[in-house]
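Okay, so here's the structure we're looking at.
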Amino acid sequence: MRTLVLLRHAKAETPGDKPDFERDLADRGRRDATAAGAMLARHGLYPDLVICSPSARTRQTWHQVAVALARTVPEHAAPEVRYEPGLYEGGRTEVVDALRAVPDDVETVLVIGHNPTMSDVSALLRPDDVDPDWPGLKTAGLAVHRTDRPWADTEPGSLEFVRIETARG
């Protein structure tokens, strides 16, 4: 069984003079990202591979998640981390393409990105229709999906939806 966790980055600073790509996490975002890591640990969701947008706020979200995971289970091996420009510049096609390129020996993948893409991908991959009133993932929101198919076979409707949770710290 393979597990996909989609994580919308945690709360970022209010846009100011910095370019969007360089926006940092807000204090609340750092706390929420730490809570997201603790939540993953509670559910036994230790990623073998992290595919992350290269923006400052997604990289910082991953850092806080990684620290929380390491505190919970220090003996767990650190995952491979890939920073994919397509997760910042693109949309759901880039996320699905990244998943299709994951080796079959990888059991759990954590994708950290932006909305509306993370919500769109979660809705796209579900075999059942999504409630049209679903507002999508909130900041530090996680959507968990599972499949017994190879990652290369990722396509619309191909991953069972398990749950959505929002981390708050």
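Residue numbers start at 1 in each chain; chains themselves are named A, B, ... in the order of the structure tokens; ligands are numbered from 1 in the order shown.
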Practice task
Run DSSP on the backbone of this structure and report the residues of segment 59-163 of chain A it assigns to strand (DSSP E), as JSON, numbers by chain.
Solution key: {"A": [80, 81, 82, 83, 108, 109, 110, 111, 112, 113, 141, 142, 143, 144, 145, 146, 147, 160, 161, 162, 163]}
Practice task
Excluding Glu80 of chain A and any residue of its chain fewer than 5 positions from it, enumerate the residues within 9 Å of it, using only C-alpha atoms, and give them as a list in words.
Solution key: Pro47, Asp48, Leu49, Val50 and Ile51 of chain A
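Distances from A:Gly37, A:Gly44, A:Pro103, A:Pro135 to Asp153 of chain A were compared using only C-alpha atoms, and the smallest one belongs to A:Pro103.
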Using only C-alpha atoms, find each residue of segment 117-140 of chain A with at least one atom at most 8 Å away from an atom of segment 89-99 of chain A; report its shortest atom-to-atom pair and that distance in Å (one decimal), sort the rows by chain and rising residue number, and return the result as a tab-separated table.
residue	atom	partner	partner_atom	distance
A:Thr117	CA	A:Gly91	CA	5.4
A:Met118	CA	A:Arg92	CA	7.5
A:Asp120	CA	A:Arg92	CA	6.6
A:Val121	CA	A:Arg92	CA	5.5
Please dump the current selection as a PDB file, in the first residue's frame; keep C-alpha atoms.
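Just written: selection02.pdb:
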ATOM      1  CA  THR A 117      -3.197  23.270  -6.343  1.00  0.00           C
ATOM      2  CA  MET A 118      -3.028  21.060  -3.230  1.00  0.00           C
ATOM      3  CA  ASP A 120      -7.314  20.542  -6.595  1.00  0.00           C
ATOM      4  CA  VAL A 121      -4.975  17.526  -6.588  1.00  0.00           C
TER       5      VAL A 121
END
Handout entry: Selected residue, from A:Ala68, A:Ala167, A:Ala41, A:Val109, that lies nearest to Ala10 of chain A when counting only C-alpha atoms
Key =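 Of A:Ala68, A:Ala167, A:Ala41, A:Val109, the one nearest Ala10 of chain A, counting only C-alpha atoms, is A:Ala167.
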